[in-house]
file protein-v1.pdb (PDB, C-alpha atoms)
ATOM      1  CA  MET A  94      13.188  41.718  39.108
ATOM      2  CA  SER A  95      14.639  38.315  39.792
ATOM      3  CA  ARG A  96      13.257  35.319  37.947
ATOM      4  CA  ALA A  97      11.186  32.736  39.755
ATOM      5  CA  PRO A  98      13.159  29.609  40.589
ATOM      6  CA  VAL A  99      12.908  26.779  38.107
ATOM      7  CA  PRO A 100      10.688  23.993  39.501
ATOM      8  CA  GLN A 101      12.578  20.848  40.423
ATOM      9  CA  GLY A 102      11.534  17.235  40.928
ATOM     10  CA  ARG A 103       9.192  15.460  38.476
ATOM     11  CA  THR A 104       8.416  18.495  36.345
ATOM     12  CA  GLY A 105       9.356  17.908  32.709
ATOM     13  CA  ARG A 106       9.418  14.119  32.868
ATOM     14  CA  PRO A 107       7.578  12.322  30.067
ATOM     15  CA  PRO A 108       4.080  11.171  30.951
ATOM     16  CA  LEU A 109       3.558   7.559  31.882
ATOM     17  CA  THR A 110       2.484   5.506  28.888
ATOM     18  CA  SER A 111       0.478   2.312  29.000
ATOM     19  CA  ARG A 112       0.526  -0.495  26.474
ATOM     20  CA  ALA A 113      -3.147   0.226  25.769
ATOM     21  CA  GLN A 114      -2.287   3.804  24.788
ATOM     22  CA  ILE A 115       0.451   2.559  22.502
ATOM     23  CA  LEU A 116      -1.869   0.100  20.743
ATOM     24  CA  VAL A 117      -4.600   2.718  20.277
ATOM     25  CA  ALA A 118      -2.144   5.211  18.780
ATOM     26  CA  ALA A 119      -0.591   2.571  16.519
ATOM     27  CA  ARG A 120      -3.999   1.464  15.287
ATOM     28  CA  ARG A 121      -4.876   5.083  14.540
ATOM     29  CA  LEU A 122      -1.740   5.580  12.448
ATOM     30  CA  ILE A 123      -2.246   2.304  10.576
ATOM     31  CA  ASP A 124      -5.851   3.144   9.756
ATOM     32  CA  GLN A 125      -4.717   6.560   8.561
ATOM     33  CA  ASP A 126      -1.659   5.762   6.452
ATOM     34  CA  GLY A 127      -1.190   1.993   6.355
ATOM     35  CA  TRP A 128       1.048  -0.314   8.355
ATOM     36  CA  GLU A 129       3.994   0.117   5.987
ATOM     37  CA  LYS A 130       4.447   3.759   7.051
ATOM     38  CA  LEU A 131       4.264   3.022  10.759
ATOM     39  CA  THR A 132       7.606   3.605  12.488
ATOM     40  CA  ILE A 133       8.648   3.610  16.124
ATOM     41  CA  ARG A 134       9.733   7.244  15.849
ATOM     42  CA  ARG A 135       6.424   8.310  14.340
ATOM     43  CA  LEU A 136       4.449   6.376  16.908
ATOM     44  CA  ALA A 137       6.424   7.957  19.736
ATOM     45  CA  ALA A 138       5.696  11.415  18.332
ATOM     46  CA  GLU A 139       2.008  10.565  18.053
ATOM     47  CA  ILE A 140       1.900   9.600  21.728
ATOM     48  CA  GLY A 141       4.085  12.532  22.795
ATOM     49  CA  ILE A 142       7.024  10.601  24.184
ATOM     50  CA  GLY A 143      10.563   9.850  23.080
ATOM     51  CA  ALA A 144      11.405   6.809  20.993
ATOM     52  CA  THR A 145      13.702   5.587  23.762
ATOM     53  CA  THR A 146      10.780   5.584  26.186
ATOM     54  CA  LEU A 147       8.678   3.618  23.710
ATOM     55  CA  TYR A 148      11.353   0.938  23.475
ATOM     56  CA  HIS A 149      10.741   0.191  27.152
ATOM     57  CA  HIS A 150       7.351  -1.202  26.073
ATOM     58  CA  ILE A 151       8.072  -2.794  22.675
ATOM     59  CA  ARG A 152      11.199  -4.257  21.099
ATOM     60  CA  ASN A 153      10.643  -3.204  17.489
ATOM     61  CA  LYS A 154       8.000  -2.701  14.822
ATOM     62  CA  ASP A 155       7.457  -6.430  14.306
ATOM     63  CA  ASP A 156       6.831  -6.830  18.029
ATOM     64  CA  LEU A 157       4.350  -3.956  17.906
ATOM     65  CA  LEU A 158       2.449  -5.450  14.975
ATOM     66  CA  LEU A 159       2.167  -8.804  16.733
ATOM     67  CA  LEU A 160       0.882  -7.105  19.881
ATOM     68  CA  LEU A 161      -1.718  -5.310  17.788
ATOM     69  CA  LEU A 162      -2.720  -8.488  16.007
ATOM     70  CA  ASN A 163      -3.031 -10.555  19.161
ATOM     71  CA  HIS A 164      -5.100  -7.810  20.773
ATOM     72  CA  HIS A 165      -7.331  -7.569  17.696
ATOM     73  CA  ILE A 166      -8.009 -11.306  17.625
ATOM     74  CA  GLU A 167      -8.678 -11.411  21.362
ATOM     75  CA  GLN A 168     -11.451  -8.837  20.914
ATOM     76  CA  ILE A 169     -13.281 -10.876  18.277
ATOM     77  CA  GLU A 170     -16.410 -12.599  19.488
ATOM     78  CA  ARG A 171     -15.997 -16.335  19.137
ATOM     79  CA  PRO A 172     -18.726 -18.069  17.152
ATOM     80  CA  GLN A 173     -20.405 -21.196  18.432
ATOM     81  CA  LEU A 174     -18.346 -23.996  16.933
ATOM     82  CA  PRO A 175     -20.415 -26.880  15.478
ATOM     83  CA  SER A 176     -19.773 -30.425  16.600
ATOM     84  CA  ASP A 177     -19.537 -31.642  13.001
ATOM     85  CA  PRO A 178     -15.832 -31.531  12.039
ATOM     86  CA  ARG A 179     -16.407 -30.179   8.536
ATOM     87  CA  GLU A 180     -18.729 -27.422   9.679
ATOM     88  CA  ARG A 181     -16.324 -26.559  12.498
ATOM     89  CA  ILE A 182     -13.541 -26.027   9.969
ATOM     90  CA  VAL A 183     -15.778 -23.846   7.799
ATOM     91  CA  THR A 184     -16.914 -21.762  10.777
ATOM     92  CA  ALA A 185     -13.379 -21.201  12.036
ATOM     93  CA  ALA A 186     -12.048 -20.353   8.570
ATOM     94  CA  THR A 187     -14.886 -17.877   8.073
ATOM     95  CA  ALA A 188     -13.973 -16.231  11.370
ATOM     96  CA  MET A 189     -10.357 -15.948  10.202
ATOM     97  CA  HIS A 190     -11.476 -14.405   6.933
ATOM     98  CA  ASP A 191     -13.736 -11.868   8.612
ATOM     99  CA  ALA A 192     -11.021 -10.888  11.100
ATOM    100  CA  LEU A 193      -8.491 -10.321   8.320
ATOM    101  CA  ALA A 194     -10.981  -8.555   6.050
ATOM    102  CA  ALA A 195     -11.564  -6.024   8.820
ATOM    103  CA  TRP A 196      -7.786  -5.547   9.174
ATOM    104  CA  PRO A 197      -6.173  -6.474   5.808
ATOM    105  CA  TRP A 198      -2.702  -5.365   6.949
ATOM    106  CA  ALA A 199      -2.735  -8.266   9.402
ATOM    107  CA  ALA A 200      -2.822 -10.645   6.440
ATOM    108  CA  GLU A 201       0.393  -9.026   5.202
ATOM    109  CA  VAL A 202       2.061  -9.539   8.573
ATOM    110  CA  LEU A 203       1.006 -13.183   8.681
ATOM    111  CA  SER A 204       1.715 -14.029   5.043
ATOM    112  CA  ALA A 205       4.566 -16.385   5.902
ATOM    113  CA  ASP A 206       4.678 -19.910   7.278
ATOM    114  CA  GLY A 207       5.583 -20.071  10.945
ATOM    115  CA  PHE A 208       3.266 -17.287  12.078
ATOM    116  CA  VAL A 209       1.403 -19.728  14.342
ATOM    117  CA  GLY A 210       4.380 -19.749  16.682
ATOM    118  CA  LEU A 211       4.223 -15.963  17.029
ATOM    119  CA  LEU A 212       0.631 -15.675  18.220
ATOM    120  CA  ASP A 213      -0.505 -15.738  21.834
ATOM    121  CA  GLU A 214      -2.352 -18.857  22.902
ATOM    122  CA  SER A 215      -5.511 -16.819  23.440
ATOM    123  CA  ALA A 216      -5.347 -15.724  19.785
ATOM    124  CA  LEU A 217      -4.891 -19.240  18.407
ATOM    125  CA  TRP A 218      -8.449 -20.470  18.843
ATOM    126  CA  MET A 219      -9.253 -20.186  15.132
ATOM    127  CA  VAL A 220      -6.205 -22.228  14.199
ATOM    128  CA  GLU A 221      -7.003 -24.732  16.941
ATOM    129  CA  ALA A 222     -10.574 -25.084  15.678
ATOM    130  CA  VAL A 223      -9.453 -25.932  12.139
ATOM    131  CA  VAL A 224      -6.823 -28.367  13.380
ATOM    132  CA  ALA A 225      -9.293 -29.996  15.774
ATOM    133  CA  GLY A 226     -11.874 -30.327  13.015
ATOM    134  CA  ALA A 227      -9.412 -32.053  10.722
ATOM    135  CA  ASP A 228      -8.205 -34.290  13.536
ATOM    136  CA  ASP A 229     -11.757 -35.248  14.539
ATOM    137  CA  TYR A 230     -12.530 -35.980  10.904
ATOM    138  CA  GLY A 231      -9.768 -38.569  11.046
ATOM    139  CA  CYS A 232      -6.907 -36.827   9.270
ATOM    140  CA  THR A 233      -3.345 -37.789  10.039
ATOM    141  CA  PRO A 234      -1.072 -35.062  11.484
ATOM    142  CA  GLU A 235       0.408 -34.465   8.027
ATOM    143  CA  GLN A 236      -3.036 -34.212   6.461
ATOM    144  CA  THR A 237      -4.227 -31.918   9.257
ATOM    145  CA  VAL A 238      -1.386 -29.464   8.628
ATOM    146  CA  ASP A 239      -2.100 -29.598   4.895
ATOM    147  CA  VAL A 240      -5.776 -28.835   5.504
ATOM    148  CA  PHE A 241      -4.947 -25.772   7.570
ATOM    149  CA  ARG A 242      -2.202 -24.456   5.304
ATOM    150  CA  ASN A 243      -4.321 -24.733   2.164
ATOM    151  CA  ILE A 244      -7.280 -23.030   3.802
ATOM    152  CA  TRP A 245      -4.959 -20.347   5.161
ATOM    153  CA  TYR A 246      -3.418 -19.658   1.737
ATOM    154  CA  TYR A 247      -6.852 -19.396   0.150
ATOM    155  CA  THR A 248      -8.128 -17.082   2.879
ATOM    156  CA  VAL A 249      -5.120 -14.764   2.988
ATOM    157  CA  GLY A 250      -4.956 -14.621  -0.797
ATOM    158  CA  GLU A 251      -8.609 -13.630  -1.100
ATOM    159  CA  VAL A 252      -8.270 -10.914   1.550
ATOM    160  CA  LEU A 253      -5.077  -9.438   0.099
ATOM    161  CA  VAL A 254      -6.283  -9.419  -3.511
ATOM    162  CA  ARG A 255      -9.462  -7.591  -2.542
ATOM    163  CA  ALA A 256      -7.637  -5.116  -0.314
ATOM    164  CA  HIS A 257      -4.951  -4.372  -2.905
ATOM    165  CA  SER A 258      -7.515  -4.064  -5.691
ATOM    166  CA  ALA A 259      -9.559  -1.552  -3.703
ATOM    167  CA  ARG A 260      -6.438   0.449  -2.840
ATOM    168  CA  ARG A 261      -5.259   0.577  -6.441
ATOM    169  CA  ARG A 262      -8.657   1.672  -7.682
ATOM    170  CA  ALA A 263      -8.714   4.437  -5.077
ATOM    171  CA  GLN A 264      -5.240   5.607  -6.102
ATOM    172  CA  ASP A 265      -5.728   5.481  -9.857
ATOM    173  CA  GLU A 266      -9.131   5.468 -11.512
ATOM    174  CA  ARG A 267      -7.474   4.396 -14.783
ATOM    175  CA  LEU A 268      -6.889   0.934 -13.359
ATOM    176  CA  THR A 269     -10.013  -0.611 -14.798
ATOM    177  CA  TYR A 270     -10.569  -3.862 -16.645
ATOM    178  CA  ARG A 271     -10.512  -3.779 -20.425
ATOM    179  CA  ASP A 272     -13.957  -3.836 -21.991
ATOM    180  CA  SER A 273     -12.853  -5.449 -25.237
ATOM    181  CA  PHE A 274     -10.388  -8.092 -26.420
ATOM    182  CA  ASP A 275      -9.208  -9.450 -29.737
ATOM    183  CA  ALA A 276     -11.429 -12.492 -30.186
ATOM    184  CA  SER A 277      -8.931 -14.062 -32.562
ATOM    185  CA  GLN A 278      -6.284 -14.124 -29.816
ATOM    186  CA  VAL A 279      -8.259 -14.603 -26.595
ATOM    187  CA  PRO A 280     -11.748 -15.752 -27.591
ATOM    188  CA  HIS A 281     -12.898 -16.749 -24.125
ATOM    189  CA  LEU A 282     -11.904 -13.439 -22.568
ATOM    190  CA  ALA A 283     -13.532 -11.621 -25.457
ATOM    191  CA  ALA A 284     -16.768 -13.500 -24.808
ATOM    192  CA  ILE A 285     -16.812 -12.307 -21.217
ATOM    193  CA  GLY A 286     -15.833  -8.770 -22.177
ATOM    194  CA  ASP A 287     -16.984  -6.009 -19.865
ATOM    195  CA  GLN A 288     -18.808  -8.442 -17.574
ATOM    196  CA  TRP A 289     -15.554  -9.233 -15.771
ATOM    197  CA  PRO A 290     -15.543  -6.330 -13.228
ATOM    198  CA  ALA A 291     -19.056  -7.096 -11.983
ATOM    199  CA  LEU A 292     -18.429 -10.830 -11.874
ATOM    200  CA  ALA A 293     -15.086 -10.413 -10.085
ATOM    201  CA  ALA A 294     -16.629  -8.089  -7.495
ATOM    202  CA  ARG A 295     -18.936 -10.799  -6.134
ATOM    203  CA  ASP A 296     -18.172 -12.252  -2.723
ATOM    204  CA  ILE A 297     -17.682 -15.941  -3.469
ATOM    205  CA  TYR A 298     -15.421 -16.733  -0.509
ATOM    206  CA  PRO A 299     -18.088 -18.789   1.344
ATOM    207  CA  GLN A 300     -18.864 -20.843  -1.760
ATOM    208  CA  GLY A 301     -15.207 -21.394  -2.517
ATOM    209  CA  LEU A 302     -14.430 -22.277   1.093
ATOM    210  CA  HIS A 303     -17.072 -25.008   1.246
ATOM    211  CA  THR A 304     -15.832 -26.486  -2.010
ATOM    212  CA  PHE A 305     -12.227 -26.238  -0.881
ATOM    213  CA  VAL A 306     -12.848 -27.901   2.475
ATOM    214  CA  ASP A 307     -14.796 -30.719   0.848
ATOM    215  CA  GLY A 308     -11.956 -31.320  -1.584
ATOM    216  CA  LEU A 309      -9.284 -31.296   1.122
ATOM    217  CA  LEU A 310     -11.159 -33.676   3.394
ATOM    218  CA  ALA A 311     -11.980 -35.976   0.493
ATOM    219  CA  GLN A 312      -8.264 -36.440  -0.101
ATOM    220  CA  ALA A 313      -7.582 -37.222   3.541
ATOM    221  CA  THR A 314      -7.254 -40.837   4.589
ATOM    222  CA  PRO A 315      -8.946 -41.309   7.969
ATOM    223  CA  ARG A 316      -6.879 -43.026  10.640
ATOM    224  CA  GLY A 317      -7.109 -46.780  10.517
ATOM    225  CA  VAL A 318      -7.978 -46.895   6.801
ATOM    226  CA  ASP A 319      -5.430 -48.387   4.428
TER     227      ASP A 319
END
call {"tool": "encode", "arguments": {"input": "protein-v1.pdb", "output": "structure tokens"}}
result
Amino acid sequence: MSRAPVPQGRTGRPPLTSRAQILVAARRLIDQDGWEKLTIRRLAAEIGIGATTLYHHIRNKDDLLLLLLNHHIEQIERPQLPSDPRERIVTAATAMHDALAAWPWAAEVLSADGFVGLLDESALWMVEAVVAGADDYGCTPEQTVDVFRNIWYYTVGEVLVRAHSARRRAQDERLTYRDSFDASQVPHLAAIGDQWPALAARDIYPQGLHTFVDGLLAQATPRGVD
């Protein structure tokens, strides 16, 4: 019996892949194993296409992460921004914090100066709101940049410390805080003792943010004031 002829034409070609499919698959892998383990080859296998095909859509891993981040920010519901400059800064910074807390790996990707130039304009509204608040308050351009950078460092640091602490606790239950100290060497730590874990677990970002913003704006010299 002769074999049936092998089908010709489009049979066997890789399926068409959309950018949306790529982002969904990448998000799934990141949520599963972390962004550090995400590779182009692994992502291609997850989608069911070749790595070469995937490179038609994205240049490299950094490009992929930025696409994911921009898409993530674009999906966030924008809060109503207050007219008061100080409150506008606080509201925008809180939105940044909440966005990063939901996706801590994004804080890792953006933990370097110059990230503002990598984001899409539609994803820059939080940065714009902080800058506009400082400008409307009367800050000079230099002071405005300082206000944003300090708030950004505080926000990213808080998100990363909490995310890393939770990950380490999940990986090794032995990583707990000491419940006793030598009072002759570190008397203040000894006085706090085993209260530290509970005290450190509190969410004090909002309180710290308000204090931080007040301090930054207090140091600013409004335009026209010598």
call {"tool": "closest_residue", "arguments": {"input": "protein-v1.pdb", "among": "A:Gln300, A:Asn163, A:Thr132, A:Thr146", "to": "A:Glu214", "atoms": "only C-alpha atoms"}}
result
A:Asn163
call {"tool": "resolve_selection", "arguments": {"input": "protein-v1.pdb", "expression": "the PyMOL selection byres ((chain A and resi 219) around 10)", "output": "list in words"}}
result
Ile166, Arg171, Pro172, Arg181, Ile182, Thr184, Ala185, Ala186, Thr187, Ala188, Met189, Ser215, Ala216, Leu217, Trp218, Val220, Glu221, Ala222, Val223, Val224 and Ala225 of chain A
call {"tool": "resolve_selection", "arguments": {"input": "protein-v1.pdb", "expression": "the PyMOL selection byres ((chain A and resi 252) around 8)", "output": "PyMOL selection string"}}
result
chain A and resi 190+193-194+197+200+248-251+253-256
call {"tool": "resolve_selection", "arguments": {"input": "protein-v1.pdb", "expression": "the PyMOL selection byres ((chain A and resi 155) around 12)", "output": "list in words"}}
result
Trp128, Glu129, Leu131, Thr132, Ile133, Ile151, Arg152, Asn153, Lys154, Asp156, Leu157, Leu158, Leu159, Leu160, Leu161, Leu162, Ala199, Glu201, Val202, Leu203, Phe208 and Leu211 of chain A
call {"tool": "atom_distance", "arguments": {"input": "protein-v1.pdb", "atom1": "atom CA of A:Phe274", "atom2": "atom CA of A:Arg260"}}
result
25.4 Å
call {"tool": "closest_residue", "arguments": {"input": "protein-v1.pdb", "among": "A:Asp275, A:Glu180, A:Asp228, A:Asp124", "to": "A:Val306", "atoms": "only C-alpha atoms"}}
result
A:Glu180
call {"tool": "closest_residue", "arguments": {"input": "protein-v1.pdb", "among": "A:Val240, A:Asp213, A:His164, A:Pro175", "to": "A:Asp307", "atoms": "only C-alpha atoms"}}
result
A:Val240
call {"tool": "atom_distance", "arguments": {"input": "protein-v1.pdb", "atom1": "atom CA of A:Gly141", "atom2": "atom CA of A:Ser111"}}
result
12.5 Å
call {"tool": "atom_distance", "arguments": {"input": "protein-v1.pdb", "atom1": "atom CA of A:Ile123", "atom2": "atom CA of A:Glu170"}}
result
22.4 Å
call {"tool": "closest_residue", "arguments": {"input": "protein-v1.pdb", "among": "A:His150, A:Arg261, A:Arg179, A:His281", "to": "A:Ala113", "atoms": "only C-alpha atoms"}}
result
A:His150
call {"tool": "closest_residue", "arguments": {"input": "protein-v1.pdb", "among": "A:His257, A:Gly301, A:Pro280, A:Leu309", "to": "A:Phe241", "atoms": "only C-alpha atoms"}}
result
A:Leu309
call {"tool": "closest_residue", "arguments": {"input": "protein-v1.pdb", "among": "A:Tyr148, A:Ala119, A:Thr304, A:Ala294", "to": "A:Ser258", "atoms": "all atoms listed in the file"}}
result
A:Ala294
